[in-house]
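A.B. asks: You'll find upload_21.cif just under this line, and it carries mmCIF, N, CA and C atoms.
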data_protein
#
loop_
_atom_site.label_atom_id
_atom_site.label_comp_id
_atom_site.auth_asym_id
_atom_site.auth_seq_id
_atom_site.Cartn_x
_atom_site.Cartn_y
_atom_site.Cartn_z
N MET A 1 0.82 -1.19 0.00
CA MET A 1 0.00 0.00 0.00
C MET A 1 0.86 1.26 0.00
N ASP A 2 2.10 1.15 0.47
CA ASP A 2 2.95 2.33 0.52
C ASP A 2 3.35 2.81 -0.87
N VAL A 3 3.36 1.92 -1.82
CA VAL A 3 3.84 2.24 -3.16
C VAL A 3 2.72 2.77 -4.06
N VAL A 4 1.48 2.68 -3.63
CA VAL A 4 0.34 3.08 -4.46
C VAL A 4 0.44 4.54 -4.91
N PRO A 5 0.75 5.50 -4.04
CA PRO A 5 0.83 6.88 -4.53
C PRO A 5 1.91 7.09 -5.60
N ILE A 6 3.04 6.44 -5.41
CA ILE A 6 4.11 6.58 -6.39
C ILE A 6 3.72 5.92 -7.71
N THR A 7 3.10 4.74 -7.63
CA THR A 7 2.66 4.04 -8.84
C THR A 7 1.65 4.89 -9.60
N ALA A 8 0.68 5.45 -8.90
CA ALA A 8 -0.32 6.30 -9.55
C ALA A 8 0.33 7.53 -10.17
N PHE A 9 1.29 8.09 -9.49
CA PHE A 9 2.00 9.27 -9.99
C PHE A 9 2.75 8.92 -11.28
N VAL A 10 3.47 7.80 -11.28
CA VAL A 10 4.26 7.39 -12.45
C VAL A 10 3.34 7.05 -13.62
N ILE A 11 2.27 6.32 -13.37
CA ILE A 11 1.34 5.96 -14.45
C ILE A 11 0.71 7.22 -15.04
N SER A 12 0.33 8.15 -14.18
CA SER A 12 -0.24 9.41 -14.68
C SER A 12 0.77 10.16 -15.54
N ALA A 13 2.02 10.19 -15.10
CA ALA A 13 3.05 10.89 -15.87
C ALA A 13 3.29 10.21 -17.22
N LEU A 14 3.27 8.86 -17.23
CA LEU A 14 3.49 8.14 -18.48
C LEU A 14 2.34 8.29 -19.47
N THR A 15 1.14 8.49 -18.96
CA THR A 15 -0.01 8.65 -19.85
C THR A 15 -0.20 10.08 -20.31
N GLY A 16 0.65 10.99 -19.85
CA GLY A 16 0.60 12.36 -20.34
C GLY A 16 -0.15 13.33 -19.46
N VAL A 17 -0.57 12.91 -18.30
CA VAL A 17 -1.27 13.82 -17.39
C VAL A 17 -0.24 14.78 -16.80
N ILE A 18 -0.56 16.04 -16.85
CA ILE A 18 0.33 17.04 -16.28
C ILE A 18 0.04 17.12 -14.78
N THR A 19 1.08 16.93 -14.01
CA THR A 19 0.89 16.89 -12.57
C THR A 19 0.89 18.29 -11.97
N ALA A 20 0.11 18.45 -10.93
CA ALA A 20 0.06 19.73 -10.23
C ALA A 20 1.23 19.79 -9.26
N GLY A 21 1.57 20.98 -8.86
CA GLY A 21 2.69 21.17 -7.95
C GLY A 21 2.49 20.45 -6.63
N MET A 22 1.28 20.44 -6.12
CA MET A 22 1.01 19.78 -4.85
C MET A 22 1.14 18.26 -4.98
N GLN A 23 0.87 17.71 -6.15
CA GLN A 23 1.07 16.26 -6.35
C GLN A 23 2.55 15.91 -6.26
N VAL A 24 3.39 16.74 -6.83
CA VAL A 24 4.83 16.52 -6.77
C VAL A 24 5.31 16.66 -5.33
N VAL A 25 4.81 17.68 -4.62
CA VAL A 25 5.17 17.88 -3.22
C VAL A 25 4.74 16.68 -2.38
N GLY A 26 3.57 16.13 -2.67
CA GLY A 26 3.07 14.98 -1.91
C GLY A 26 3.82 13.70 -2.22
N ALA A 27 4.24 13.53 -3.46
CA ALA A 27 4.93 12.30 -3.85
C ALA A 27 6.42 12.34 -3.50
N SER A 28 6.99 13.51 -3.36
CA SER A 28 8.43 13.64 -3.12
C SER A 28 8.91 12.96 -1.84
N PRO A 29 8.27 13.12 -0.71
CA PRO A 29 8.78 12.47 0.50
C PRO A 29 8.50 10.97 0.57
N THR A 30 7.59 10.49 -0.26
CA THR A 30 7.21 9.08 -0.18
C THR A 30 8.34 8.16 -0.61
N ALA A 31 8.99 8.45 -1.71
CA ALA A 31 10.06 7.58 -2.21
C ALA A 31 11.24 7.50 -1.24
N PRO A 32 11.77 8.62 -0.76
CA PRO A 32 12.85 8.50 0.22
C PRO A 32 12.41 7.81 1.52
N ALA A 33 11.16 8.03 1.93
CA ALA A 33 10.68 7.38 3.15
C ALA A 33 10.68 5.87 2.98
N LEU A 34 10.28 5.38 1.82
CA LEU A 34 10.30 3.93 1.57
C LEU A 34 11.72 3.39 1.57
N VAL A 35 12.64 4.11 0.97
CA VAL A 35 14.03 3.67 0.92
C VAL A 35 14.64 3.64 2.33
N PHE A 36 14.43 4.72 3.08
CA PHE A 36 15.00 4.78 4.43
C PHE A 36 14.37 3.74 5.36
N ASP A 37 13.08 3.48 5.20
CA ASP A 37 12.42 2.45 6.00
C ASP A 37 13.00 1.08 5.68
N ASN A 38 13.23 0.82 4.41
CA ASN A 38 13.82 -0.46 4.01
C ASN A 38 15.21 -0.61 4.61
N LEU A 39 16.03 0.43 4.55
CA LEU A 39 17.37 0.37 5.12
C LEU A 39 17.32 0.17 6.63
N TYR A 40 16.40 0.85 7.30
CA TYR A 40 16.26 0.71 8.74
C TYR A 40 15.87 -0.71 9.12
N LEU A 41 14.89 -1.27 8.41
CA LEU A 41 14.44 -2.63 8.73
C LEU A 41 15.53 -3.66 8.45
N ARG A 42 16.33 -3.43 7.44
CA ARG A 42 17.46 -4.35 7.19
C ARG A 42 18.48 -4.28 8.32
N ARG A 43 18.74 -3.07 8.83
CA ARG A 43 19.69 -2.92 9.94
C ARG A 43 19.17 -3.59 11.20
N VAL A 44 17.88 -3.44 11.47
CA VAL A 44 17.28 -4.08 12.64
C VAL A 44 17.36 -5.60 12.51
N ALA A 45 17.06 -6.12 11.34
CA ALA A 45 17.13 -7.57 11.12
C ALA A 45 18.56 -8.08 11.28
N GLN A 46 19.52 -7.31 10.81
CA GLN A 46 20.92 -7.71 10.93
C GLN A 46 21.36 -7.72 12.39
N ARG A 47 20.95 -6.72 13.16
CA ARG A 47 21.29 -6.68 14.58
C ARG A 47 20.62 -7.83 15.33
N THR A 48 19.38 -8.12 14.99
CA THR A 48 18.66 -9.22 15.64
C THR A 48 19.34 -10.55 15.35
N ALA A 49 19.74 -10.76 14.11
CA ALA A 49 20.42 -12.00 13.74
C ALA A 49 21.77 -12.11 14.44
N ALA A 50 22.49 -11.00 14.55
CA ALA A 50 23.78 -11.03 15.23
C ALA A 50 23.61 -11.32 16.71
N ALA A 51 22.58 -10.76 17.33
CA ALA A 51 22.33 -11.01 18.74
C ALA A 51 21.94 -12.47 18.97
N ALA A 52 21.14 -13.02 18.08
CA ALA A 52 20.73 -14.43 18.20
C ALA A 52 21.93 -15.35 18.02
N ALA A 53 22.81 -15.01 17.10
CA ALA A 53 24.01 -15.83 16.88
C ALA A 53 24.93 -15.77 18.09
N ALA A 54 25.06 -14.59 18.68
CA ALA A 54 25.90 -14.45 19.87
C ALA A 54 25.31 -15.23 21.04
N ARG A 55 24.00 -15.18 21.17
CA ARG A 55 23.33 -15.92 22.23
C ARG A 55 23.51 -17.42 22.04
N ALA A 56 23.37 -17.88 20.80
CA ALA A 56 23.52 -19.31 20.51
C ALA A 56 24.95 -19.77 20.74
N ALA A 57 25.91 -18.90 20.50
CA ALA A 57 27.32 -19.28 20.68
C ALA A 57 27.68 -19.39 22.15
N THR A 58 27.00 -18.64 23.00
CA THR A 58 27.33 -18.67 24.43
C THR A 58 26.58 -19.76 25.19
N GLU A 59 25.49 -20.25 24.62
CA GLU A 59 24.72 -21.30 25.29
C GLU A 59 25.38 -22.65 25.09
N LYS A 60 25.34 -23.48 26.12
CA LYS A 60 25.89 -24.82 26.01
C LYS A 60 24.82 -25.71 25.40
N PRO A 61 25.19 -26.56 24.48
CA PRO A 61 24.19 -27.45 23.88
C PRO A 61 23.69 -28.48 24.90
N ALA A 62 22.43 -28.84 24.80
CA ALA A 62 21.82 -29.80 25.72
C ALA A 62 22.35 -31.20 25.48
N VAL A 63 22.90 -31.48 24.33
CA VAL A 63 23.41 -32.81 24.00
C VAL A 63 24.62 -33.15 24.86
N ALA A 64 25.41 -32.18 25.23
CA ALA A 64 26.62 -32.43 26.00
C ALA A 64 26.30 -33.01 27.37
N ALA A 65 25.15 -32.69 27.94
CA ALA A 65 24.78 -33.20 29.26
C ALA A 65 24.46 -34.69 29.22
N THR A 66 24.02 -35.19 28.09
CA THR A 66 23.64 -36.61 27.99
C THR A 66 24.68 -37.41 27.22
N GLU A 67 25.81 -36.84 26.97
CA GLU A 67 26.84 -37.50 26.17
C GLU A 67 27.33 -38.77 26.88
N GLY A 68 27.39 -39.86 26.16
CA GLY A 68 27.88 -41.11 26.70
C GLY A 68 26.79 -41.96 27.33
N LYS A 69 25.60 -41.44 27.50
CA LYS A 69 24.50 -42.20 28.07
C LYS A 69 23.63 -42.73 26.94
N THR A 70 23.09 -43.89 27.13
CA THR A 70 22.23 -44.50 26.12
C THR A 70 20.78 -44.19 26.46
N SER A 71 20.06 -43.75 25.49
CA SER A 71 18.65 -43.47 25.66
C SER A 71 17.86 -44.76 25.69
N PRO A 72 16.85 -44.91 26.56
CA PRO A 72 16.05 -46.14 26.60
C PRO A 72 15.36 -46.40 25.27
N VAL A 73 14.98 -45.33 24.57
CA VAL A 73 14.31 -45.51 23.27
C VAL A 73 15.32 -46.03 22.27
N ALA A 74 16.53 -45.49 22.27
CA ALA A 74 17.54 -45.92 21.32
C ALA A 74 17.98 -47.36 21.62
N ALA A 75 18.01 -47.75 22.89
CA ALA A 75 18.44 -49.10 23.24
C ALA A 75 17.42 -50.14 22.85
N SER A 76 16.15 -49.77 22.79
CA SER A 76 15.11 -50.75 22.45
C SER A 76 14.99 -50.98 20.97
N ARG A 77 15.61 -50.16 20.18
CA ARG A 77 15.45 -50.30 18.71
C ARG A 77 16.45 -51.25 18.14
#
Before anything else, please render the file you have as structure tokens.
C.D. replies:
Amino acid sequence: MDVVPITAFVISALTGVITAGMQVVGASPTAPALVFDNLYLRRVAQRTAAAAAARAATEKPAVAATEGKTSPVAASR
């Protein structure tokens, strides 16, 4: 839905409609806002992934606690 105003603006321009000054003023902040929002969300996702990786690296795996023991289910098979 964020791209609808820009799409309408571009289609109008391609079909030969002369845009009013206020239409240009209204469409101008939309494109940079979409770009900056995309960049911000990518940075947040990157930080979240890095934090999750750091957390996973510091946690001890649960398998190490049962290492060397035979599971009753595995022994019955």
A.B. asks: Measuring atom to atom with all atoms listed in the file, identify which of A:Ala52, A:Val35, A:Tyr40, A:Phe9 is nearest to Gln23 in chain A.
C.D. replies: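 Using all atoms listed in the file, the shortest distance to Gln23 in chain A belongs to A:Phe9.
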A.B. asks: Please indicate the distance in Å from CA of Arg42 in chain A to CA of Ala56 in chain A, rounded to one decimal place.
C.D. replies: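 A separation of 20.9 Å between them.
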A.B. asks: For the atom pair CA of Ala33 in chain A and CA of Ile6 in chain A, what is the interatomic distance in Å to one decimal place?
C.D. replies: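 A separation of 11.6 Å between them.
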A.B. asks: Within range 2-58 of chain A, find each residue whose DSSP state, derived from the backbone, is alpha helix (DSSP H), and express the selection as a VMD selection string.
C.D. replies: chain A and resid 4 to 14 21 to 27 30 to 58
A.B. asks: What does the distance from CA of Val24 in chain A to CA of Ile11 in chain A come to in Å, to one decimal?
C.D. replies: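 Taking CA of Val24 in chain A and CA of Ile11 in chain A, their separation equals 13.5 Å.
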A.B. asks: Give as a list in words the residues that the PyMOL selection byres (((chain A and resi 2 and name CA) around 10) and name CA) matches when applied to the coordinates above.
C.D. replies: Met1, Val3, Val4, Pro5, Ile6, Thr7, Thr30, Ala31, Ala33 and Leu34 of chain A
A.B. asks: Could you please take those selected residues and save N, CA and C atoms as an mmCIF file, keeping the file's coordinate frame?
C.D. replies:
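As written to disk, part_38.cif reads:
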data_model
loop_
_atom_site.group_PDB
_atom_site.id
_atom_site.type_symbol
_atom_site.label_atom_id
_atom_site.label_comp_id
_atom_site.auth_asym_id
_atom_site.auth_seq_id
_atom_site.Cartn_x
_atom_site.Cartn_y
_atom_site.Cartn_z
ATOM 1 N N MET A 1 0.820 -1.190 0.000
ATOM 2 C CA MET A 1 0.000 0.000 0.000
ATOM 3 C C MET A 1 0.860 1.260 0.000
ATOM 4 N N VAL A 3 3.360 1.920 -1.820
ATOM 5 C CA VAL A 3 3.840 2.240 -3.160
ATOM 6 C C VAL A 3 2.720 2.770 -4.060
ATOM 7 N N VAL A 4 1.480 2.680 -3.630
ATOM 8 C CA VAL A 4 0.340 3.080 -4.460
ATOM 9 C C VAL A 4 0.440 4.540 -4.910
ATOM 10 N N PRO A 5 0.750 5.500 -4.040
ATOM 11 C CA PRO A 5 0.830 6.880 -4.530
ATOM 12 C C PRO A 5 1.910 7.090 -5.600
ATOM 13 N N ILE A 6 3.040 6.440 -5.410
ATOM 14 C CA ILE A 6 4.110 6.580 -6.390
ATOM 15 C C ILE A 6 3.720 5.920 -7.710
ATOM 16 N N THR A 7 3.100 4.740 -7.630
ATOM 17 C CA THR A 7 2.660 4.040 -8.840
ATOM 18 C C THR A 7 1.650 4.890 -9.600
ATOM 19 N N THR A 30 7.590 10.490 -0.260
ATOM 20 C CA THR A 30 7.210 9.080 -0.180
ATOM 21 C C THR A 30 8.340 8.160 -0.610
ATOM 22 N N ALA A 31 8.990 8.450 -1.710
ATOM 23 C CA ALA A 31 10.060 7.580 -2.210
ATOM 24 C C ALA A 31 11.240 7.500 -1.240
ATOM 25 N N ALA A 33 11.160 8.030 1.930
ATOM 26 C CA ALA A 33 10.680 7.380 3.150
ATOM 27 C C ALA A 33 10.680 5.870 2.980
ATOM 28 N N LEU A 34 10.280 5.380 1.820
ATOM 29 C CA LEU A 34 10.300 3.930 1.570
ATOM 30 C C LEU A 34 11.720 3.390 1.570
#
A.B. asks: Could you give me the centre and size, in Å to one decimal, of an axis-aligned box around all listed atoms of range 28-32 of chain A with 8 Å added on every side, as JSON?
C.D. replies:
{"center_x": 9.9, "center_y": 10.6, "center_z": -0.9, "size_x": 21.9, "size_y": 22.1, "size_z": 20.9}
